[in-house]
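Asker: Input file: upload.cif. Contents: mmCIF, C-alpha atoms.
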```
data_data
loop_
_atom_site.label_atom_id
_atom_site.label_comp_id
_atom_site.auth_asym_id
_atom_site.auth_seq_id
_atom_site.Cartn_x
_atom_site.Cartn_y
_atom_site.Cartn_z
CA MET A 1 -189.83 -117.96 -67.62
CA LYS A 2 -187.30 -117.66 -64.80
CA LYS A 3 -188.84 -116.57 -61.53
CA LEU A 4 -187.28 -113.81 -59.44
CA ARG A 5 -186.26 -115.25 -56.08
CA ILE A 6 -187.33 -113.04 -53.16
CA LEU A 7 -186.27 -113.00 -49.49
CA LEU A 8 -188.62 -111.19 -47.07
CA ALA A 9 -187.05 -109.48 -44.05
CA ASP A 10 -189.40 -107.99 -41.48
CA ASP A 11 -189.71 -108.55 -37.74
CA HIS A 12 -193.51 -108.74 -37.94
CA THR A 13 -194.85 -112.18 -38.85
CA VAL A 14 -198.16 -110.83 -40.12
CA MET A 15 -196.35 -108.45 -42.47
CA ARG A 16 -194.18 -111.25 -43.91
CA THR A 17 -197.22 -113.51 -44.31
CA GLY A 18 -199.13 -110.81 -46.18
CA LEU A 19 -196.17 -109.99 -48.42
CA ARG A 20 -195.65 -113.66 -49.23
CA ALA A 21 -199.33 -114.06 -50.18
CA LEU A 22 -199.19 -110.97 -52.39
CA LEU A 23 -195.92 -111.82 -54.14
CA GLU A 24 -196.60 -115.49 -54.72
CA ARG A 25 -199.71 -114.60 -56.73
CA GLN A 26 -197.34 -113.21 -59.36
CA PRO A 27 -196.26 -115.83 -61.90
CA ASN A 28 -192.69 -114.49 -62.12
CA LEU A 29 -191.99 -114.14 -58.36
CA GLU A 30 -191.05 -116.79 -55.81
CA VAL A 31 -190.50 -116.19 -52.09
CA VAL A 32 -187.55 -118.39 -51.14
CA GLY A 33 -187.21 -117.39 -47.50
CA GLU A 34 -188.16 -115.14 -44.60
CA SER A 35 -186.21 -113.58 -41.76
CA GLU A 36 -187.13 -111.59 -38.69
CA ASN A 37 -183.86 -109.75 -37.98
CA GLY A 38 -180.96 -108.28 -39.89
CA ARG A 39 -178.33 -110.84 -38.92
CA GLU A 40 -180.58 -113.71 -40.00
CA THR A 41 -181.25 -111.86 -43.27
CA VAL A 42 -177.53 -111.57 -44.06
CA ALA A 43 -177.05 -115.29 -43.35
CA LEU A 44 -180.01 -116.28 -45.53
CA VAL A 45 -178.79 -114.14 -48.42
CA ALA A 46 -175.48 -116.00 -48.27
CA SER A 47 -177.14 -119.42 -48.22
CA LEU A 48 -180.16 -118.87 -50.50
CA GLY A 49 -178.78 -116.36 -53.01
CA PRO A 50 -182.04 -114.47 -53.66
CA ASP A 51 -182.33 -111.99 -56.52
CA VAL A 52 -184.09 -109.41 -54.33
CA VAL A 53 -184.46 -108.79 -50.60
CA VAL A 54 -187.53 -106.85 -49.43
CA MET A 55 -186.19 -105.34 -46.19
CA ASP A 56 -187.72 -103.46 -43.28
CA VAL A 57 -185.59 -100.70 -41.75
CA ALA A 58 -186.42 -101.25 -38.08
CA MET A 59 -185.48 -104.81 -37.15
CA PRO A 60 -183.83 -106.29 -34.08
CA VAL A 61 -180.24 -107.57 -33.79
CA LEU A 62 -179.09 -105.71 -36.93
CA ASN A 63 -181.22 -102.99 -38.50
CA GLY A 64 -182.18 -102.99 -42.18
CA ILE A 65 -179.69 -100.26 -43.16
CA GLU A 66 -176.73 -102.12 -41.66
CA ALA A 67 -177.95 -105.43 -43.09
CA THR A 68 -178.22 -103.79 -46.53
CA LYS A 69 -174.61 -102.54 -46.32
CA THR A 70 -173.41 -106.04 -45.52
CA ILE A 71 -175.51 -107.71 -48.22
CA VAL A 72 -174.44 -105.42 -51.06
CA THR A 73 -170.80 -105.78 -50.01
CA GLN A 74 -170.90 -109.58 -49.76
CA ARG A 75 -173.30 -110.28 -52.62
CA PRO A 76 -173.65 -107.32 -55.00
CA ALA A 77 -175.89 -109.31 -57.39
CA THR A 78 -178.66 -109.29 -54.77
CA ALA A 79 -180.79 -106.15 -54.93
CA VAL A 80 -182.37 -104.67 -51.82
CA VAL A 81 -185.73 -102.88 -51.69
CA ILE A 82 -186.44 -101.13 -48.42
CA LEU A 83 -190.09 -101.32 -47.37
CA SER A 84 -190.56 -98.98 -44.43
CA MET A 85 -193.07 -96.88 -42.54
CA HIS A 86 -190.51 -94.03 -42.40
CA ALA A 87 -191.21 -91.32 -44.99
CA ASP A 88 -188.47 -89.03 -43.69
CA GLU A 89 -185.90 -88.16 -46.36
CA SER A 90 -183.02 -89.02 -44.02
CA TYR A 91 -184.10 -92.68 -43.99
CA VAL A 92 -184.27 -92.74 -47.78
CA MET A 93 -180.81 -91.22 -48.10
CA ARG A 94 -179.29 -93.62 -45.55
CA ALA A 95 -180.86 -96.58 -47.34
CA LEU A 96 -179.56 -95.50 -50.74
CA LYS A 97 -176.12 -94.76 -49.32
CA ALA A 98 -176.10 -98.27 -47.82
CA GLY A 99 -176.72 -99.70 -51.29
CA ALA A 100 -180.48 -100.22 -51.47
CA ARG A 101 -181.81 -99.90 -55.02
CA GLY A 102 -185.39 -99.16 -53.98
CA TYR A 103 -187.35 -97.51 -51.20
CA LEU A 104 -191.10 -97.78 -50.64
CA LEU A 105 -193.43 -96.92 -47.83
CA LYS A 106 -195.52 -99.63 -46.24
CA ASP A 107 -198.66 -97.77 -47.29
CA SER A 108 -197.68 -98.04 -50.98
CA ALA A 109 -199.90 -99.83 -53.45
CA ALA A 110 -199.21 -103.52 -54.00
CA ALA A 111 -198.48 -102.77 -57.66
CA ASP A 112 -195.69 -100.39 -56.58
CA LEU A 113 -193.96 -103.14 -54.60
CA ILE A 114 -194.14 -105.51 -57.56
CA SER A 115 -192.83 -102.80 -59.88
CA ALA A 116 -190.01 -102.04 -57.45
CA ILE A 117 -188.94 -105.68 -57.27
CA GLN A 118 -188.91 -105.97 -61.04
CA ALA A 119 -187.04 -102.68 -61.48
CA VAL A 120 -184.27 -103.38 -58.97
CA SER A 121 -183.78 -106.90 -60.32
CA GLN A 122 -182.75 -105.23 -63.58
CA THR A 123 -180.30 -102.92 -61.74
CA ASN A 124 -182.68 -99.95 -61.92
CA ARG A 125 -183.70 -97.79 -58.97
CA PHE A 126 -187.22 -97.41 -57.67
CA LEU A 127 -188.30 -94.72 -55.24
CA VAL A 128 -191.79 -94.11 -53.98
CA PRO A 129 -193.14 -90.85 -55.42
CA LYS A 130 -193.84 -89.41 -51.93
#
```
Starting from the file, lay out its structure as structure tokens.

Answerer:
Amino acid sequence: MKKLRILLADDHTVMRTGLRALLERQPNLEVVGESENGRETVALVASLGPDVVVMDVAMPVLNGIEATKTIVTQRPATAVVILSMHADESYVMRALKAGARGYLLKDSAAADLISAIQAVSQTNRFLVPK
């Protein structure tokens, strides 16, 4: 079975470490890289070619929305799932307009994140029910 290749983009090391531990327990998921800012994320997408990027909105250098726009323009085959603490509808709309295929809140269940990654990798959308 081919594993989905995931890039984690969050400026908090503890968050990335926890996400990696969660995702790598899944037999069909592989974390291929991590980044702590939007510019680094864009560069890693170009060099690593992940299937899915799990992206925070609020990151230094280049925020997650702007990084998403760049990624989907340069590499449309890579899906972006936004994982954010912002529940405000304006963030969701900006993320979707930028090209993200999924949006989850950081307080979502682990199963929702896994479902989102699988859904967007198949060109489906995934939005948190809230």

Asker: Of the candidates A:Ile82, A:Leu7, A:Val61, A:Leu29, which one gets nearest to Ser47 (chain A) if we count all atoms listed in the file?

Answerer: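 For Ser47 (chain A), the nearest of the given residues is A:Leu7.
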
Asker: Starting from the PyMOL selection byres ((chain A and resi 95) around 10), expand the selection into actual residues of this file and give them as JSON, numbers by chain.

Answerer: {"A": [57, 64, 65, 66, 68, 69, 80, 81, 82, 89, 90, 91, 92, 93, 94, 96, 97, 98, 99, 100, 101, 102, 103]}

Asker: For Ala110 (chain A), which residue out of A:Leu48, A:Val128, A:Val72, A:Gln122 is the nearest one, using all atoms listed in the file?

Answerer: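 Smallest distance to Ala110 (chain A) is found for A:Val128.
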
Asker: Of the residues A:Val32, A:Leu62, A:Leu104, A:Met55, which is the one nearest to Met15 (chain A), using all atoms listed in the file?

Answerer: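 Residue with the minimum atom-to-atom distance to Met15 (chain A): A:Met55.
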
Asker: My list of candidates is A:Val42, A:Asp11, A:Asp56, A:Ala109. Which is closest to Thr78 (chain A) when distances are computed with only C-alpha atoms?

Answerer: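 Of A:Val42, A:Asp11, A:Asp56, A:Ala109, the one nearest Thr78 (chain A) is A:Val42, counting only C-alpha atoms.
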
Asker: What is the CA of Arg5 (chain A)-CA of Ser108 (chain A) distance in Å, reported with one decimal?

Answerer: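 Interatomic distance, CA of Arg5 (chain A) to CA of Ser108 (chain A): 21.3 Å.
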
Asker: Name the closest residue to Gln118 (chain A) among the candidates A:Glu34, A:Glu24, A:Asp51, A:Asp10; distances are taken between atoms, counting only C-alpha atoms.

Answerer: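 Of A:Glu34, A:Glu24, A:Asp51, A:Asp10, the one nearest Gln118 (chain A) is A:Asp51, counting only C-alpha atoms.
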
Asker: Grab the CA of Pro76 (chain A) to CA of Leu23 (chain A) distance for me, in Å with one decimal place.

Answerer: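 Separation of CA of Pro76 (chain A) and CA of Leu23 (chain A): 22.7 Å.
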
Asker: Residue by residue, what does the PyMOL selection byres ((chain A and resi 38) around 6) grab here? Present the result as a list in words.

Answerer: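 In the shown coordinates, the PyMOL selection byres ((chain A and resi 38) around 6) covers Asn37, Arg39, Glu40, Thr41, Leu62, Asn63, Gly64 and Ala67 of chain A.
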
Asker: Could you list, as a list in words, every residue matched by the PyMOL selection byres ((chain A and resi 125) around 8) in this structure?

Answerer: Arg101, Gly102, Ala116, Ala119, Val120, Thr123, Asn124, Phe126 and Leu127 of chain A

Asker: Identify, on the basis of only C-alpha atoms, every residue whose closest approach to Leu8 (chain A) does not exceed 7 Å; exclude the query and any residue fewer than 6 positions from it along the same chain; express the result as a compact mmCIF listing (two decimals) with C-alpha atoms, in the frame of the given file.

Answerer:
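What ended up in part.txt:
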```
# COMPACT_ATOMS: atom_id res chain seq x y z
CA ARG A 16 -194.18 -111.25 -43.91
CA GLY A 33 -187.21 -117.39 -47.50
CA GLU A 34 -188.16 -115.14 -44.60
CA SER A 35 -186.21 -113.58 -41.76
CA VAL A 53 -184.46 -108.79 -50.60
CA VAL A 54 -187.53 -106.85 -49.43
CA MET A 55 -186.19 -105.34 -46.19
```

Asker: Just checking: using only C-alpha atoms, which residue out of A:Ala46, A:Val52, A:Ala58, A:Ile117 ends up closest to Thr73 (chain A)?

Answerer: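 Residue with the minimum atom-to-atom distance to Thr73 (chain A): A:Ala46.
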
Asker: Give me, please, the distance in Å between CA of Arg25 (chain A) and CA of Met59 (chain A), quoted to one decimal.

Answerer: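 CA of Met59 (chain A) lies 26.1 Å from CA of Arg25 (chain A).
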
Asker: Taking all atoms of region 84-89 of chain A that the file lists and extending 6 Å past them on each side, where is the centre of the axis-aligned box and how long are its edges? Answer in Å to one decimal, as AutoDock Vina command-line options.

Answerer:
```
--center_x -189.5 --center_y -93.6 --center_z -44.4 --size_x 19.2 --size_y 22.8 --size_z 16.0
```

Asker: Complete region 62-82 of chain A at the level of N, CA, C and O atoms, written as a PDB file, keeping the file's coordinate frame.

Answerer:
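Result went into out_31.pdb, see below:
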```pdb
ATOM      1  N   LEU A  62    -179.808-106.527 -35.952  1.00  0.00           N
ATOM      2  CA  LEU A  62    -179.090-105.710 -36.930  1.00  0.00           C
ATOM      3  C   LEU A  62    -180.158-105.018 -37.759  1.00  0.00           C
ATOM      4  O   LEU A  62    -181.003-105.692 -38.356  1.00  0.00           O
ATOM      5  N   ASN A  63    -180.140-103.680 -37.794  1.00  0.00           N
ATOM      6  CA  ASN A  63    -181.220-102.990 -38.500  1.00  0.00           C
ATOM      7  C   ASN A  63    -181.089-103.165 -40.026  1.00  0.00           C
ATOM      8  O   ASN A  63    -180.069-103.627 -40.532  1.00  0.00           O
ATOM      9  N   GLY A  64    -182.136-102.793 -40.734  1.00  0.00           N
ATOM     10  CA  GLY A  64    -182.180-102.990 -42.180  1.00  0.00           C
ATOM     11  C   GLY A  64    -181.114-102.228 -42.949  1.00  0.00           C
ATOM     12  O   GLY A  64    -180.631-102.704 -43.982  1.00  0.00           O
ATOM     13  N   ILE A  65    -180.736-101.053 -42.479  1.00  0.00           N
ATOM     14  CA  ILE A  65    -179.690-100.260 -43.160  1.00  0.00           C
ATOM     15  C   ILE A  65    -178.353-100.976 -43.059  1.00  0.00           C
ATOM     16  O   ILE A  65    -177.643-101.143 -44.054  1.00  0.00           O
ATOM     17  N   GLU A  66    -177.998-101.417 -41.847  1.00  0.00           N
ATOM     18  CA  GLU A  66    -176.730-102.120 -41.660  1.00  0.00           C
ATOM     19  C   GLU A  66    -176.725-103.463 -42.393  1.00  0.00           C
ATOM     20  O   GLU A  66    -175.716-103.853 -42.981  1.00  0.00           O
ATOM     21  N   ALA A  67    -177.853-104.161 -42.362  1.00  0.00           N
ATOM     22  CA  ALA A  67    -177.950-105.430 -43.090  1.00  0.00           C
ATOM     23  C   ALA A  67    -177.784-105.199 -44.595  1.00  0.00           C
ATOM     24  O   ALA A  67    -177.111-105.977 -45.275  1.00  0.00           O
ATOM     25  N   THR A  68    -178.358-104.125 -45.098  1.00  0.00           N
ATOM     26  CA  THR A  68    -178.220-103.790 -46.530  1.00  0.00           C
ATOM     27  C   THR A  68    -176.759-103.567 -46.886  1.00  0.00           C
ATOM     28  O   THR A  68    -176.270-104.082 -47.898  1.00  0.00           O
ATOM     29  N   LYS A  69    -176.041-102.791 -46.070  1.00  0.00           N
ATOM     30  CA  LYS A  69    -174.610-102.540 -46.320  1.00  0.00           C
ATOM     31  C   LYS A  69    -173.848-103.861 -46.445  1.00  0.00           C
ATOM     32  O   LYS A  69    -173.044-104.039 -47.354  1.00  0.00           O
ATOM     33  N   THR A  70    -174.103-104.761 -45.517  1.00  0.00           N
ATOM     34  CA  THR A  70    -173.410-106.040 -45.520  1.00  0.00           C
ATOM     35  C   THR A  70    -173.777-106.870 -46.752  1.00  0.00           C
ATOM     36  O   THR A  70    -172.904-107.442 -47.412  1.00  0.00           O
ATOM     37  N   ILE A  71    -175.050-106.912 -47.071  1.00  0.00           N
ATOM     38  CA  ILE A  71    -175.510-107.710 -48.220  1.00  0.00           C
ATOM     39  C   ILE A  71    -174.899-107.212 -49.521  1.00  0.00           C
ATOM     40  O   ILE A  71    -174.376-108.009 -50.306  1.00  0.00           O
ATOM     41  N   VAL A  72    -174.946-105.913 -49.767  1.00  0.00           N
ATOM     42  CA  VAL A  72    -174.440-105.420 -51.060  1.00  0.00           C
ATOM     43  C   VAL A  72    -172.915-105.533 -51.154  1.00  0.00           C
ATOM     44  O   VAL A  72    -172.370-105.615 -52.248  1.00  0.00           O
ATOM     45  N   THR A  73    -172.239-105.570 -50.009  1.00  0.00           N
ATOM     46  CA  THR A  73    -170.800-105.780 -50.010  1.00  0.00           C
ATOM     47  C   THR A  73    -170.468-107.250 -50.297  1.00  0.00           C
ATOM     48  O   THR A  73    -169.603-107.561 -51.114  1.00  0.00           O
ATOM     49  N   GLN A  74    -171.185-108.154 -49.624  1.00  0.00           N
ATOM     50  CA  GLN A  74    -170.900-109.580 -49.760  1.00  0.00           C
ATOM     51  C   GLN A  74    -171.495-110.206 -51.011  1.00  0.00           C
ATOM     52  O   GLN A  74    -170.954-111.182 -51.535  1.00  0.00           O
ATOM     53  N   ARG A  75    -172.621-109.692 -51.468  1.00  0.00           N
ATOM     54  CA  ARG A  75    -173.300-110.280 -52.620  1.00  0.00           C
ATOM     55  C   ARG A  75    -173.938-109.170 -53.458  1.00  0.00           C
ATOM     56  O   ARG A  75    -175.158-108.957 -53.426  1.00  0.00           O
ATOM     57  N   PRO A  76    -173.150-108.456 -54.237  1.00  0.00           N
ATOM     58  CA  PRO A  76    -173.650-107.320 -55.000  1.00  0.00           C
ATOM     59  C   PRO A  76    -174.744-107.661 -56.025  1.00  0.00           C
ATOM     60  O   PRO A  76    -175.506-106.789 -56.421  1.00  0.00           O
ATOM     61  N   ALA A  77    -174.848-108.911 -56.421  1.00  0.00           N
ATOM     62  CA  ALA A  77    -175.890-109.310 -57.390  1.00  0.00           C
ATOM     63  C   ALA A  77    -177.280-109.291 -56.771  1.00  0.00           C
ATOM     64  O   ALA A  77    -178.274-109.241 -57.495  1.00  0.00           O
ATOM     65  N   THR A  78    -177.367-109.328 -55.446  1.00  0.00           N
ATOM     66  CA  THR A  78    -178.660-109.290 -54.770  1.00  0.00           C
ATOM     67  C   THR A  78    -179.080-107.841 -54.567  1.00  0.00           C
ATOM     68  O   THR A  78    -178.353-107.053 -53.975  1.00  0.00           O
ATOM     69  N   ALA A  79    -180.259-107.505 -55.077  1.00  0.00           N
ATOM     70  CA  ALA A  79    -180.790-106.150 -54.930  1.00  0.00           C
ATOM     71  C   ALA A  79    -181.610-106.061 -53.651  1.00  0.00           C
ATOM     72  O   ALA A  79    -182.247-107.030 -53.243  1.00  0.00           O
ATOM     73  N   VAL A  80    -181.593-104.890 -53.033  1.00  0.00           N
ATOM     74  CA  VAL A  80    -182.370-104.670 -51.820  1.00  0.00           C
ATOM     75  C   VAL A  80    -183.397-103.568 -52.066  1.00  0.00           C
ATOM     76  O   VAL A  80    -183.062-102.495 -52.570  1.00  0.00           O
ATOM     77  N   VAL A  81    -184.648-103.862 -51.704  1.00  0.00           N
ATOM     78  CA  VAL A  81    -185.730-102.880 -51.690  1.00  0.00           C
ATOM     79  C   VAL A  81    -186.097-102.671 -50.236  1.00  0.00           C
ATOM     80  O   VAL A  81    -186.444-103.635 -49.541  1.00  0.00           O
ATOM     81  N   ILE A  82    -186.017-101.450 -49.776  1.00  0.00           N
ATOM     82  CA  ILE A  82    -186.440-101.130 -48.420  1.00  0.00           C
ATOM     83  C   ILE A  82    -187.943-100.868 -48.446  1.00  0.00           C
ATOM     84  O   ILE A  82    -188.429-100.097 -49.269  1.00  0.00           O
TER      85      ILE A  82
END
```
